[in-house]
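Asker: Right, I'll just put the structure down here and ask away after.
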Amino acid sequence: GKFRFRHAMMACALSLVCFLLGIASVVVADDDWIQLARLSMSNYALVKAEGSPPDAFCSKRGTKAEGCHCWNDKGKPTTDGDDCDSPTGCLIYDTKDNGNLHFANLSAEEDIHKTLANWSVPSGMVKDFQLALLTDNATFSTFSFTLNPGTSHYEAHVGTARLHEGTRFLAYVYGISDGDLVQPYTRTVRAGDCHGTKRGQKKRGYRTDELNKIRAGLASTAFKTA
């Protein structure tokens, strides 16, 4: 009787240990896929963050950056010591950046659209998630979607997804960058007549090459934030 009781208790204890180990393995597995998803998106974003022109961001704000010593009559930036922005031709003083990360694993019955909607994923990105989850895959598929609705605003959205043995793993991160931009001017007063003031300075719009430089600079900070 005592032997049977002891044997039953040992079997029970072993079963409990196995159960707990099973839970632990699931937790580790969950942690593993989250880390893999993070790594996949991080590597993707870092590659996308490259390519910002070295002179896109101002290292120094000039004391009279809007004055006539810093812009010529063709609207091109010039240099005049501490008066002007540096490096010459820089266009972004600073940025305000923010972002967030979401992740989930869903069964075949759970609604992916509801999850993506709760995360406020851009509609143009939903199809990428759907395509990435069509077939079983050993690795995560990573993709991005960008928005640049205004000159000083850039959004980088990065998603990754994987279908594995009937479970859909997905993660999403975004980075938003708003820039404090340099205002370009054209000088209308003759050289030597304005004495570094804003007299006769005329605001002008951004030229194509400047817009491309701003976009590349903001994209870099947005993807770094993501």
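In the structure tokens, the first chain shown is A, the next is B, and so on; residue numbers restart at 1 for each chain, and ligands run from 1 in the order shown.
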Can you list every residue of stretch 66-117 of chain A that has an atom at most 12 Å from stretch 135-158 of chain A, with its nearest atom pair and the distance in Å to one decimal, using only C-alpha atoms, ordered by chain then number, as CSV?

Answerer:
```
residue,atom,partner,partner_atom,distance
A:Leu91,CA,A:Ser152,CA,10.4
A:Ile92,CA,A:Ser152,CA,9.0
A:Tyr93,CA,A:Ser152,CA,11.2
A:Asp94,CA,A:Ser152,CA,10.6
A:Thr95,CA,A:Ser152,CA,9.0
A:Lys96,CA,A:His153,CA,9.7
A:Asp97,CA,A:Tyr154,CA,9.7
A:Asn98,CA,A:Glu155,CA,9.7
A:Gly99,CA,A:Ala156,CA,9.2
A:Asn100,CA,A:His157,CA,9.9
A:Leu101,CA,A:Val158,CA,9.6
A:His102,CA,A:Val158,CA,10.7
A:Phe103,CA,A:Val158,CA,11.9
```

Asker: Restricting it to all heavy atoms, dump the selection as a tab-separated table (two decimals), in the first residue's frame.

Answerer:
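After the write, out_10.tsv holds the following:
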```tsv
chain	number	residue	atom	x	y	z
A	91	LEU	N	19.19	71.78	-44.13
A	91	LEU	CA	17.77	72.14	-44.22
A	91	LEU	C	16.93	71.72	-43.01
A	91	LEU	O	15.78	72.13	-42.89
A	91	LEU	CB	17.16	71.50	-45.48
A	91	LEU	CG	17.63	72.10	-46.80
A	91	LEU	CD1	17.34	71.16	-47.95
A	91	LEU	CD2	16.97	73.45	-47.03
A	92	ILE	N	17.50	70.92	-42.12
A	92	ILE	CA	16.73	70.44	-40.96
A	92	ILE	C	17.48	70.83	-39.68
A	92	ILE	O	18.61	70.39	-39.45
A	92	ILE	CB	16.54	68.91	-41.00
A	92	ILE	CG1	15.93	68.47	-42.33
A	92	ILE	CG2	15.67	68.45	-39.83
A	92	ILE	CD1	15.89	66.95	-42.52
A	93	TYR	N	16.84	71.65	-38.86
A	93	TYR	CA	17.43	72.04	-37.58
A	93	TYR	C	17.31	70.90	-36.56
A	93	TYR	O	18.26	70.57	-35.87
A	93	TYR	CB	16.74	73.28	-37.01
A	93	TYR	CG	17.07	74.56	-37.74
A	93	TYR	CD1	16.05	75.38	-38.24
A	93	TYR	CD2	18.38	74.98	-37.92
A	93	TYR	CE1	16.34	76.57	-38.90
A	93	TYR	CE2	18.69	76.16	-38.58
A	93	TYR	CZ	17.66	76.96	-39.07
A	93	TYR	OH	17.95	78.13	-39.71
A	94	ASP	N	16.13	70.34	-36.48
A	94	ASP	CA	15.87	69.33	-35.46
A	94	ASP	C	14.62	68.56	-35.84
A	94	ASP	O	13.87	68.97	-36.74
A	94	ASP	CB	15.68	70.00	-34.10
A	94	ASP	CG	15.82	69.03	-32.93
A	94	ASP	OD1	16.19	67.87	-33.18
A	94	ASP	OD2	15.54	69.44	-31.79
A	95	THR	N	14.39	67.43	-35.17
A	95	THR	CA	13.16	66.66	-35.39
A	95	THR	C	12.55	66.24	-34.07
A	95	THR	O	13.26	66.08	-33.07
A	95	THR	CB	13.43	65.39	-36.23
A	95	THR	OG1	14.37	64.56	-35.54
A	95	THR	CG2	13.96	65.74	-37.61
A	96	LYS	N	11.24	66.08	-34.08
A	96	LYS	CA	10.53	65.47	-32.97
A	96	LYS	C	10.06	64.11	-33.45
A	96	LYS	O	9.34	64.01	-34.45
A	96	LYS	CB	9.34	66.34	-32.54
A	96	LYS	CG	9.75	67.65	-31.90
A	96	LYS	CD	8.53	68.45	-31.45
A	96	LYS	CE	8.95	69.76	-30.79
A	96	LYS	NZ	7.77	70.56	-30.36
A	97	ASP	N	10.47	63.07	-32.75
A	97	ASP	CA	10.22	61.71	-33.21
A	97	ASP	C	9.45	60.91	-32.17
A	97	ASP	O	9.63	61.09	-30.97
A	97	ASP	CB	11.56	61.01	-33.50
A	97	ASP	CG	12.48	61.86	-34.36
A	97	ASP	OD1	12.06	62.23	-35.46
A	97	ASP	OD2	13.60	62.16	-33.91
A	98	ASN	N	8.59	60.04	-32.65
A	98	ASN	CA	7.92	59.10	-31.76
A	98	ASN	C	7.57	57.83	-32.52
A	98	ASN	O	7.54	57.82	-33.76
A	98	ASN	CB	6.66	59.73	-31.13
A	98	ASN	CG	5.58	60.01	-32.16
A	98	ASN	OD1	4.81	59.11	-32.52
A	98	ASN	ND2	5.49	61.25	-32.63
A	99	GLY	N	7.30	56.77	-31.78
A	99	GLY	CA	6.97	55.49	-32.41
A	99	GLY	C	6.41	54.52	-31.39
A	99	GLY	O	6.35	54.81	-30.19
A	100	ASN	N	5.99	53.35	-31.88
A	100	ASN	CA	5.43	52.34	-30.99
A	100	ASN	C	5.53	50.96	-31.64
A	100	ASN	O	5.67	50.85	-32.86
A	100	ASN	CB	3.97	52.65	-30.66
A	100	ASN	CG	3.54	52.06	-29.34
A	100	ASN	OD1	4.28	51.30	-28.72
A	100	ASN	ND2	2.33	52.38	-28.90
A	101	LEU	N	5.46	49.93	-30.80
A	101	LEU	CA	5.60	48.55	-31.27
A	101	LEU	C	4.41	47.73	-30.82
A	101	LEU	O	3.94	47.86	-29.69
A	101	LEU	CB	6.89	47.94	-30.70
A	101	LEU	CG	7.08	46.43	-30.84
A	101	LEU	CD1	7.32	46.05	-32.29
A	101	LEU	CD2	8.25	45.96	-29.97
A	102	HIS	N	3.90	46.87	-31.72
A	102	HIS	CA	2.82	45.94	-31.40
A	102	HIS	C	3.19	44.55	-31.93
A	102	HIS	O	3.85	44.43	-32.96
A	102	HIS	CB	1.50	46.37	-32.07
A	102	HIS	CG	1.06	47.75	-31.70
A	102	HIS	ND1	0.35	48.02	-30.56
A	102	HIS	CD2	1.21	48.94	-32.34
A	102	HIS	CE1	0.09	49.31	-30.49
A	102	HIS	NE2	0.60	49.89	-31.56
A	103	PHE	N	2.74	43.52	-31.23
A	103	PHE	CA	2.94	42.16	-31.75
A	103	PHE	C	1.82	41.25	-31.25
A	103	PHE	O	1.20	41.51	-30.20
A	103	PHE	CB	4.31	41.60	-31.36
A	103	PHE	CG	4.67	41.76	-29.91
A	103	PHE	CD1	4.24	40.87	-28.96
A	103	PHE	CD2	5.45	42.83	-29.51
A	103	PHE	CE1	4.58	41.01	-27.63
A	103	PHE	CE2	5.80	43.00	-28.18
A	103	PHE	CZ	5.35	42.09	-27.23
```

Asker: Pick out the residues sitting within 9 Å of A:Ile34, and hand them over as an MDAnalysis selection string; count only C-alpha atoms, and ignore anything fewer than 5 positions along from it in its own chain.

Answerer: chainID A and resid 29 39 103:104 169:171

Asker: Export all heavy atoms of the chosen residues as a tab-separated table (two decimals), in the first residue's frame?

Answerer:
```tsv
chain	number	residue	atom	x	y	z
A	29	ALA	N	9.36	29.88	-26.26
A	29	ALA	CA	9.03	29.94	-27.68
A	29	ALA	C	8.41	31.29	-28.02
A	29	ALA	O	8.73	31.90	-29.04
A	29	ALA	CB	8.08	28.80	-28.04
A	39	LEU	N	14.07	41.62	-34.22
A	39	LEU	CA	15.35	41.63	-34.94
A	39	LEU	C	15.13	41.83	-36.43
A	39	LEU	O	15.86	42.60	-37.07
A	39	LEU	CB	16.10	40.33	-34.68
A	39	LEU	CG	17.49	40.22	-35.30
A	39	LEU	CD1	18.41	41.28	-34.71
A	39	LEU	CD2	18.07	38.82	-35.04
A	103	PHE	N	2.74	43.52	-31.23
A	103	PHE	CA	2.94	42.16	-31.75
A	103	PHE	C	1.82	41.25	-31.25
A	103	PHE	O	1.20	41.51	-30.20
A	103	PHE	CB	4.31	41.60	-31.36
A	103	PHE	CG	4.67	41.76	-29.91
A	103	PHE	CD1	4.24	40.87	-28.96
A	103	PHE	CD2	5.45	42.83	-29.51
A	103	PHE	CE1	4.58	41.01	-27.63
A	103	PHE	CE2	5.80	43.00	-28.18
A	103	PHE	CZ	5.35	42.09	-27.23
A	104	ALA	N	1.53	40.19	-32.01
A	104	ALA	CA	0.46	39.26	-31.64
A	104	ALA	C	0.67	37.94	-32.37
A	104	ALA	O	1.28	37.90	-33.43
A	104	ALA	CB	-0.90	39.84	-32.00
A	169	PHE	N	1.96	34.74	-36.80
A	169	PHE	CA	2.75	35.64	-35.96
A	169	PHE	C	2.91	36.96	-36.72
A	169	PHE	O	3.33	36.96	-37.88
A	169	PHE	CB	4.13	35.04	-35.68
A	169	PHE	CG	4.08	33.71	-34.97
A	169	PHE	CD1	4.09	32.52	-35.69
A	169	PHE	CD2	4.05	33.65	-33.58
A	169	PHE	CE1	4.05	31.29	-35.04
A	169	PHE	CE2	4.01	32.43	-32.92
A	169	PHE	CZ	4.01	31.25	-33.65
A	170	LEU	N	2.60	38.06	-36.08
A	170	LEU	CA	2.74	39.34	-36.74
A	170	LEU	C	3.18	40.42	-35.76
A	170	LEU	O	2.86	40.38	-34.58
A	170	LEU	CB	1.45	39.75	-37.45
A	170	LEU	CG	0.15	39.80	-36.69
A	170	LEU	CD1	-0.81	40.79	-37.33
A	170	LEU	CD2	-0.52	38.42	-36.71
A	171	ALA	N	3.93	41.37	-36.29
A	171	ALA	CA	4.40	42.49	-35.49
A	171	ALA	C	4.42	43.74	-36.36
A	171	ALA	O	4.54	43.65	-37.59
A	171	ALA	CB	5.79	42.21	-34.93
```

Asker: With a cut-off of 10 Å, could you pull out the residues of stretch 50-86 of chain A touching stretch 192-211 of chain A and give me the nearest pair of atoms for each, distance in Å to one decimal, using only C-alpha atoms, ordered by chain and ascending number, as JSON lines?

Answerer:
```
{"residue": "A:Ala56", "atom": "CA", "partner": "A:Glu210", "partner_atom": "CA", "distance": 8.9}
{"residue": "A:Lys64", "atom": "CA", "partner": "A:Gly196", "partner_atom": "CA", "distance": 7.2}
{"residue": "A:Ala65", "atom": "CA", "partner": "A:Gly196", "partner_atom": "CA", "distance": 9.3}
{"residue": "A:Glu66", "atom": "CA", "partner": "A:Lys198", "partner_atom": "CA", "distance": 6.3}
{"residue": "A:Gly67", "atom": "CA", "partner": "A:Lys198", "partner_atom": "CA", "distance": 4.5}
{"residue": "A:Cys68", "atom": "CA", "partner": "A:Gly196", "partner_atom": "CA", "distance": 5.3}
{"residue": "A:His69", "atom": "CA", "partner": "A:Gly196", "partner_atom": "CA", "distance": 5.2}
{"residue": "A:Cys70", "atom": "CA", "partner": "A:Gly196", "partner_atom": "CA", "distance": 8.1}
{"residue": "A:Trp71", "atom": "CA", "partner": "A:Gln201", "partner_atom": "CA", "distance": 8.6}
{"residue": "A:Asn72", "atom": "CA", "partner": "A:Gln201", "partner_atom": "CA", "distance": 9.6}
{"residue": "A:Asp73", "atom": "CA", "partner": "A:Gln201", "partner_atom": "CA", "distance": 9.3}
{"residue": "A:Gly75", "atom": "CA", "partner": "A:Arg204", "partner_atom": "CA", "distance": 7.6}
{"residue": "A:Asp80", "atom": "CA", "partner": "A:Gly196", "partner_atom": "CA", "distance": 9.5}
{"residue": "A:Asp83", "atom": "CA", "partner": "A:Gly196", "partner_atom": "CA", "distance": 8.2}
```

Asker: Could you pull the residues within 10 Å of A:Pro53, counting only C-alpha atoms, minus those fewer than 3 positions along the same chain, as a PDB file with all heavy atoms, in the first residue's frame?

Answerer:
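Wrote it out as out_1.pdb, contents follow:
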```
ATOM      1  N   GLU A  50      19.629  54.257 -43.685  1.00  0.00           N
ATOM      2  CA  GLU A  50      20.843  54.739 -44.348  1.00  0.00           C
ATOM      3  C   GLU A  50      20.487  55.616 -45.541  1.00  0.00           C
ATOM      4  O   GLU A  50      19.387  55.547 -46.080  1.00  0.00           O
ATOM      5  CB  GLU A  50      21.694  53.555 -44.808  1.00  0.00           C
ATOM      6  CG  GLU A  50      22.231  52.701 -43.667  1.00  0.00           C
ATOM      7  CD  GLU A  50      23.005  51.489 -44.164  1.00  0.00           C
ATOM      8  OE1 GLU A  50      23.054  51.289 -45.399  1.00  0.00           O
ATOM      9  OE2 GLU A  50      23.529  50.754 -43.323  1.00  0.00           O
ATOM     10  N   ALA A  56      22.137  67.226 -44.615  1.00  0.00           N
ATOM     11  CA  ALA A  56      20.699  67.456 -44.458  1.00  0.00           C
ATOM     12  C   ALA A  56      20.394  68.152 -43.136  1.00  0.00           C
ATOM     13  O   ALA A  56      19.542  69.038 -43.052  1.00  0.00           O
ATOM     14  CB  ALA A  56      19.934  66.140 -44.550  1.00  0.00           C
ATOM     15  N   PHE A  57      21.106  67.741 -42.075  1.00  0.00           N
ATOM     16  CA  PHE A  57      20.862  68.291 -40.745  1.00  0.00           C
ATOM     17  C   PHE A  57      21.885  69.376 -40.408  1.00  0.00           C
ATOM     18  O   PHE A  57      23.073  69.223 -40.680  1.00  0.00           O
ATOM     19  CB  PHE A  57      20.922  67.181 -39.688  1.00  0.00           C
ATOM     20  CG  PHE A  57      19.749  66.249 -39.736  1.00  0.00           C
ATOM     21  CD1 PHE A  57      19.743  65.154 -40.590  1.00  0.00           C
ATOM     22  CD2 PHE A  57      18.641  66.474 -38.938  1.00  0.00           C
ATOM     23  CE1 PHE A  57      18.662  64.301 -40.643  1.00  0.00           C
ATOM     24  CE2 PHE A  57      17.546  65.622 -38.982  1.00  0.00           C
ATOM     25  CZ  PHE A  57      17.559  64.534 -39.835  1.00  0.00           C
ATOM     26  N   CYS A  90      22.333  73.101 -45.289  1.00  0.00           N
ATOM     27  CA  CYS A  90      21.543  72.203 -44.440  1.00  0.00           C
ATOM     28  C   CYS A  90      20.098  72.692 -44.388  1.00  0.00           C
ATOM     29  O   CYS A  90      19.827  73.883 -44.575  1.00  0.00           O
ATOM     30  CB  CYS A  90      22.137  72.125 -43.033  1.00  0.00           C
ATOM     31  SG  CYS A  90      22.082  73.667 -42.090  1.00  0.00           S
ATOM     32  N   ASN A 212      13.988  66.581 -51.812  1.00  0.00           N
ATOM     33  CA  ASN A 212      14.547  65.224 -51.757  1.00  0.00           C
ATOM     34  C   ASN A 212      15.479  65.059 -50.559  1.00  0.00           C
ATOM     35  O   ASN A 212      15.490  64.013 -49.900  1.00  0.00           O
ATOM     36  CB  ASN A 212      15.302  64.908 -53.053  1.00  0.00           C
ATOM     37  CG  ASN A 212      14.375  64.754 -54.247  1.00  0.00           C
ATOM     38  OD1 ASN A 212      13.182  64.452 -54.089  1.00  0.00           O
ATOM     39  ND2 ASN A 212      14.898  64.957 -55.438  1.00  0.00           N
ATOM     40  N   LYS A 213      16.251  66.104 -50.267  1.00  0.00           N
ATOM     41  CA  LYS A 213      17.175  66.056 -49.126  1.00  0.00           C
ATOM     42  C   LYS A 213      16.402  66.012 -47.811  1.00  0.00           C
ATOM     43  O   LYS A 213      16.738  65.238 -46.906  1.00  0.00           O
ATOM     44  CB  LYS A 213      18.106  67.269 -49.145  1.00  0.00           C
ATOM     45  CG  LYS A 213      19.170  67.234 -48.066  1.00  0.00           C
ATOM     46  CD  LYS A 213      19.936  68.551 -47.975  1.00  0.00           C
ATOM     47  CE  LYS A 213      20.804  68.787 -49.173  1.00  0.00           C
ATOM     48  NZ  LYS A 213      21.686  69.984 -48.993  1.00  0.00           N
ATOM     49  N   ILE A 214      15.354  66.828 -47.710  1.00  0.00           N
ATOM     50  CA  ILE A 214      14.515  66.837 -46.499  1.00  0.00           C
ATOM     51  C   ILE A 214      13.850  65.475 -46.307  1.00  0.00           C
ATOM     52  O   ILE A 214      13.843  64.912 -45.214  1.00  0.00           O
ATOM     53  CB  ILE A 214      13.445  67.950 -46.584  1.00  0.00           C
ATOM     54  CG1 ILE A 214      14.095  69.323 -46.500  1.00  0.00           C
ATOM     55  CG2 ILE A 214      12.410  67.788 -45.475  1.00  0.00           C
ATOM     56  CD1 ILE A 214      13.157  70.471 -46.830  1.00  0.00           C
ATOM     57  N   ALA A 216      14.766  62.551 -47.418  1.00  0.00           N
ATOM     58  CA  ALA A 216      15.756  61.532 -47.056  1.00  0.00           C
ATOM     59  C   ALA A 216      16.183  61.671 -45.599  1.00  0.00           C
ATOM     60  O   ALA A 216      16.351  60.680 -44.888  1.00  0.00           O
ATOM     61  CB  ALA A 216      16.979  61.629 -47.972  1.00  0.00           C
ATOM     62  N   GLY A 217      16.338  62.902 -45.134  1.00  0.00           N
ATOM     63  CA  GLY A 217      16.738  63.143 -43.755  1.00  0.00           C
ATOM     64  C   GLY A 217      15.659  62.715 -42.767  1.00  0.00           C
ATOM     65  O   GLY A 217      15.944  62.045 -41.769  1.00  0.00           O
ATOM     66  N   SER A 220      15.267  58.947 -42.644  1.00  0.00           N
ATOM     67  CA  SER A 220      16.301  58.322 -41.830  1.00  0.00           C
ATOM     68  C   SER A 220      15.948  58.331 -40.354  1.00  0.00           C
ATOM     69  O   SER A 220      16.039  57.311 -39.669  1.00  0.00           O
ATOM     70  CB  SER A 220      17.635  59.069 -42.050  1.00  0.00           C
ATOM     71  OG  SER A 220      18.645  58.557 -41.207  1.00  0.00           O
TER      72      SER A 220
END
```

Asker: Among stretch 44-184 of chain A, which ones does DSSP place in helix (DSSP H, G or I), written as an MDAnalysis selection string?

Answerer: chainID A and resid 44:49 112:118 123:132

Asker: Selected residues, N, CA, C and O atoms, written as a PDB file, in the first residue's frame, please.

Answerer:
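Everything below was put into result20.pdb:
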```pdb
ATOM      1  N   TYR A  44      15.809  45.567 -40.830  1.00  0.00           N
ATOM      2  CA  TYR A  44      15.168  46.167 -42.009  1.00  0.00           C
ATOM      3  C   TYR A  44      15.188  47.688 -41.897  1.00  0.00           C
ATOM      4  O   TYR A  44      15.537  48.404 -42.839  1.00  0.00           O
ATOM      5  N   ALA A  45      14.793  48.205 -40.710  1.00  0.00           N
ATOM      6  CA  ALA A  45      14.718  49.655 -40.503  1.00  0.00           C
ATOM      7  C   ALA A  45      16.089  50.310 -40.573  1.00  0.00           C
ATOM      8  O   ALA A  45      16.232  51.418 -41.105  1.00  0.00           O
ATOM      9  N   LEU A  46      17.106  49.624 -40.053  1.00  0.00           N
ATOM     10  CA  LEU A  46      18.457  50.190 -40.079  1.00  0.00           C
ATOM     11  C   LEU A  46      18.960  50.358 -41.511  1.00  0.00           C
ATOM     12  O   LEU A  46      19.616  51.350 -41.832  1.00  0.00           O
ATOM     13  N   VAL A  47      18.648  49.378 -42.359  1.00  0.00           N
ATOM     14  CA  VAL A  47      19.034  49.490 -43.768  1.00  0.00           C
ATOM     15  C   VAL A  47      18.309  50.665 -44.418  1.00  0.00           C
ATOM     16  O   VAL A  47      18.895  51.463 -45.155  1.00  0.00           O
ATOM     17  N   LYS A  48      17.016  50.794 -44.129  1.00  0.00           N
ATOM     18  CA  LYS A  48      16.224  51.879 -44.686  1.00  0.00           C
ATOM     19  C   LYS A  48      16.675  53.241 -44.160  1.00  0.00           C
ATOM     20  O   LYS A  48      16.497  54.266 -44.820  1.00  0.00           O
ATOM     21  N   ALA A  49      17.231  53.263 -42.949  1.00  0.00           N
ATOM     22  CA  ALA A  49      17.645  54.527 -42.328  1.00  0.00           C
ATOM     23  C   ALA A  49      18.906  55.098 -42.963  1.00  0.00           C
ATOM     24  O   ALA A  49      19.226  56.275 -42.784  1.00  0.00           O
ATOM     25  N   ILE A 112      -7.567  38.855 -38.366  1.00  0.00           N
ATOM     26  CA  ILE A 112      -6.358  39.659 -38.501  1.00  0.00           C
ATOM     27  C   ILE A 112      -6.691  41.129 -38.741  1.00  0.00           C
ATOM     28  O   ILE A 112      -5.999  42.027 -38.280  1.00  0.00           O
ATOM     29  N   HIS A 113      -7.795  41.375 -39.467  1.00  0.00           N
ATOM     30  CA  HIS A 113      -8.170  42.754 -39.783  1.00  0.00           C
ATOM     31  C   HIS A 113      -8.491  43.546 -38.515  1.00  0.00           C
ATOM     32  O   HIS A 113      -8.172  44.736 -38.412  1.00  0.00           O
ATOM     33  N   LYS A 114      -9.110  42.882 -37.559  1.00  0.00           N
ATOM     34  CA  LYS A 114      -9.443  43.541 -36.299  1.00  0.00           C
ATOM     35  C   LYS A 114      -8.171  43.935 -35.548  1.00  0.00           C
ATOM     36  O   LYS A 114      -8.069  45.047 -35.010  1.00  0.00           O
ATOM     37  N   THR A 115      -7.204  43.037 -35.546  1.00  0.00           N
ATOM     38  CA  THR A 115      -5.928  43.312 -34.871  1.00  0.00           C
ATOM     39  C   THR A 115      -5.206  44.478 -35.528  1.00  0.00           C
ATOM     40  O   THR A 115      -4.742  45.404 -34.857  1.00  0.00           O
ATOM     41  N   LEU A 116      -5.125  44.445 -36.857  1.00  0.00           N
ATOM     42  CA  LEU A 116      -4.432  45.519 -37.573  1.00  0.00           C
ATOM     43  C   LEU A 116      -5.145  46.853 -37.407  1.00  0.00           C
ATOM     44  O   LEU A 116      -4.505  47.907 -37.302  1.00  0.00           O
ATOM     45  N   ALA A 117      -6.472  46.809 -37.360  1.00  0.00           N
ATOM     46  CA  ALA A 117      -7.249  48.033 -37.155  1.00  0.00           C
ATOM     47  C   ALA A 117      -7.003  48.600 -35.759  1.00  0.00           C
ATOM     48  O   ALA A 117      -6.874  49.819 -35.581  1.00  0.00           O
ATOM     49  N   ASN A 118      -6.912  47.715 -34.764  1.00  0.00           N
ATOM     50  CA  ASN A 118      -6.631  48.163 -33.399  1.00  0.00           C
ATOM     51  C   ASN A 118      -5.246  48.808 -33.294  1.00  0.00           C
ATOM     52  O   ASN A 118      -5.021  49.678 -32.455  1.00  0.00           O
ATOM     53  N   SER A 123      -3.996  51.502 -44.206  1.00  0.00           N
ATOM     54  CA  SER A 123      -4.736  50.589 -45.080  1.00  0.00           C
ATOM     55  C   SER A 123      -3.864  50.059 -46.220  1.00  0.00           C
ATOM     56  O   SER A 123      -4.039  48.926 -46.674  1.00  0.00           O
ATOM     57  N   GLY A 124      -2.919  50.878 -46.672  1.00  0.00           N
ATOM     58  CA  GLY A 124      -2.047  50.456 -47.759  1.00  0.00           C
ATOM     59  C   GLY A 124      -1.070  49.367 -47.384  1.00  0.00           C
ATOM     60  O   GLY A 124      -0.356  48.836 -48.245  1.00  0.00           O
ATOM     61  N   MET A 125      -1.035  49.010 -46.124  1.00  0.00           N
ATOM     62  CA  MET A 125      -0.094  48.007 -45.642  1.00  0.00           C
ATOM     63  C   MET A 125      -0.763  46.673 -45.336  1.00  0.00           C
ATOM     64  O   MET A 125      -0.090  45.649 -45.161  1.00  0.00           O
ATOM     65  N   VAL A 126      -2.083  46.644 -45.258  1.00  0.00           N
ATOM     66  CA  VAL A 126      -2.828  45.448 -44.873  1.00  0.00           C
ATOM     67  C   VAL A 126      -2.560  44.295 -45.840  1.00  0.00           C
ATOM     68  O   VAL A 126      -2.376  43.141 -45.431  1.00  0.00           O
ATOM     69  N   LYS A 127      -2.504  44.593 -47.129  1.00  0.00           N
ATOM     70  CA  LYS A 127      -2.282  43.547 -48.133  1.00  0.00           C
ATOM     71  C   LYS A 127      -0.929  42.865 -47.938  1.00  0.00           C
ATOM     72  O   LYS A 127      -0.792  41.655 -48.169  1.00  0.00           O
ATOM     73  N   ASP A 128       0.074  43.617 -47.493  1.00  0.00           N
ATOM     74  CA  ASP A 128       1.395  43.032 -47.255  1.00  0.00           C
ATOM     75  C   ASP A 128       1.332  41.985 -46.146  1.00  0.00           C
ATOM     76  O   ASP A 128       1.978  40.935 -46.224  1.00  0.00           O
ATOM     77  N   PHE A 129       0.567  42.285 -45.095  1.00  0.00           N
ATOM     78  CA  PHE A 129       0.392  41.304 -44.017  1.00  0.00           C
ATOM     79  C   PHE A 129      -0.313  40.056 -44.549  1.00  0.00           C
ATOM     80  O   PHE A 129       0.084  38.925 -44.237  1.00  0.00           O
ATOM     81  N   GLN A 130      -1.353  40.259 -45.349  1.00  0.00           N
ATOM     82  CA  GLN A 130      -2.110  39.129 -45.891  1.00  0.00           C
ATOM     83  C   GLN A 130      -1.227  38.236 -46.765  1.00  0.00           C
ATOM     84  O   GLN A 130      -1.266  37.000 -46.658  1.00  0.00           O
ATOM     85  N   LEU A 131      -0.429  38.831 -47.631  1.00  0.00           N
ATOM     86  CA  LEU A 131       0.442  38.068 -48.520  1.00  0.00           C
ATOM     87  C   LEU A 131       1.497  37.288 -47.738  1.00  0.00           C
ATOM     88  O   LEU A 131       1.827  36.149 -48.087  1.00  0.00           O
ATOM     89  N   ALA A 132       2.028  37.919 -46.675  1.00  0.00           N
ATOM     90  CA  ALA A 132       3.068  37.262 -45.881  1.00  0.00           C
ATOM     91  C   ALA A 132       2.540  36.061 -45.108  1.00  0.00           C
ATOM     92  O   ALA A 132       3.311  35.189 -44.701  1.00  0.00           O
TER      93      ALA A 132
END
```

Asker: To one decimal place, how far is atom CA of A:Ala37 from atom CA of A:Val173 in Å?

Answerer: 10.4 Å

Asker: Identify, on the basis of only C-alpha atoms, every residue whose closest approach to A:Gly166 does not exceed 8 Å; exclude the query and any residue fewer than 2 positions from it along the same chain; express the result as a list of chain:residue names.

Answerer: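 Contacts, with the query itself left out: A:Ser107, A:Ala108, A:Asp136, A:Leu163, A:His164, A:Arg168.
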
Asker: Would you mind exporting the chosen residues as a JSON list (two decimals), in the first residue's frame, restricted to N, CA, C and O atoms?

Answerer:
```json
[["chain", "number", "residue", "atom", "x", "y", "z"],
["A", 107, "SER", "N", -4.60, 32.62, -33.99],
["A", 107, "SER", "CA", -5.00, 31.33, -34.55],
["A", 107, "SER", "C", -5.68, 31.59, -35.90],
["A", 107, "SER", "O", -5.96, 32.74, -36.27],
["A", 108, "ALA", "N", -5.96, 30.50, -36.62],
["A", 108, "ALA", "CA", -6.60, 30.63, -37.93],
["A", 108, "ALA", "C", -7.99, 31.24, -37.84],
["A", 108, "ALA", "O", -8.48, 31.85, -38.79],
["A", 136, "ASP", "N", 2.95, 28.69, -45.24],
["A", 136, "ASP", "CA", 3.82, 28.41, -44.10],
["A", 136, "ASP", "C", 5.25, 28.82, -44.44],
["A", 136, "ASP", "O", 5.74, 28.57, -45.54],
["A", 163, "LEU", "N", 3.57, 32.73, -41.02],
["A", 163, "LEU", "CA", 2.62, 31.64, -40.76],
["A", 163, "LEU", "C", 3.43, 30.39, -40.45],
["A", 163, "LEU", "O", 4.29, 29.98, -41.24],
["A", 164, "HIS", "N", 3.17, 29.79, -39.28],
["A", 164, "HIS", "CA", 3.93, 28.60, -38.90],
["A", 164, "HIS", "C", 3.01, 27.62, -38.17],
["A", 164, "HIS", "O", 2.47, 27.91, -37.10],
["A", 168, "ARG", "N", -0.47, 32.39, -36.84],
["A", 168, "ARG", "CA", -0.02, 33.58, -37.54],
["A", 168, "ARG", "C", 0.68, 34.51, -36.55],
["A", 168, "ARG", "O", 0.07, 34.99, -35.61]]
```

Asker: Quick one: distance from atom CA of A:Thr221 to atom CA of A:Leu133 in Å, one decimal?

Answerer: 29.2 Å

Asker: Measure the distance from atom CA of A:Tyr174 to atom CA of A:Leu218 in Å and round it to one decimal.

Answerer: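 Value for the atom CA of A:Tyr174-atom CA of A:Leu218 distance: 13.4 Å.
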
Asker: Which residue out of A:Thr225, A:Arg215, A:Val182, A:Gly175 has the minimum interatomic distance to A:Ser52 when only C-alpha atoms are used?

Answerer: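 Between A:Thr225, A:Arg215, A:Val182, A:Gly175, the residue approaching A:Ser52 most closely is A:Arg215.
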
Asker: Write out as an NGL selection string all residues of stretch 115-212 of chain A that backbone DSSP assigns to strand (DSSP E).

Answerer: :A and (141-150 or 153-164 or 167-181 or 185-187 or 201-203)
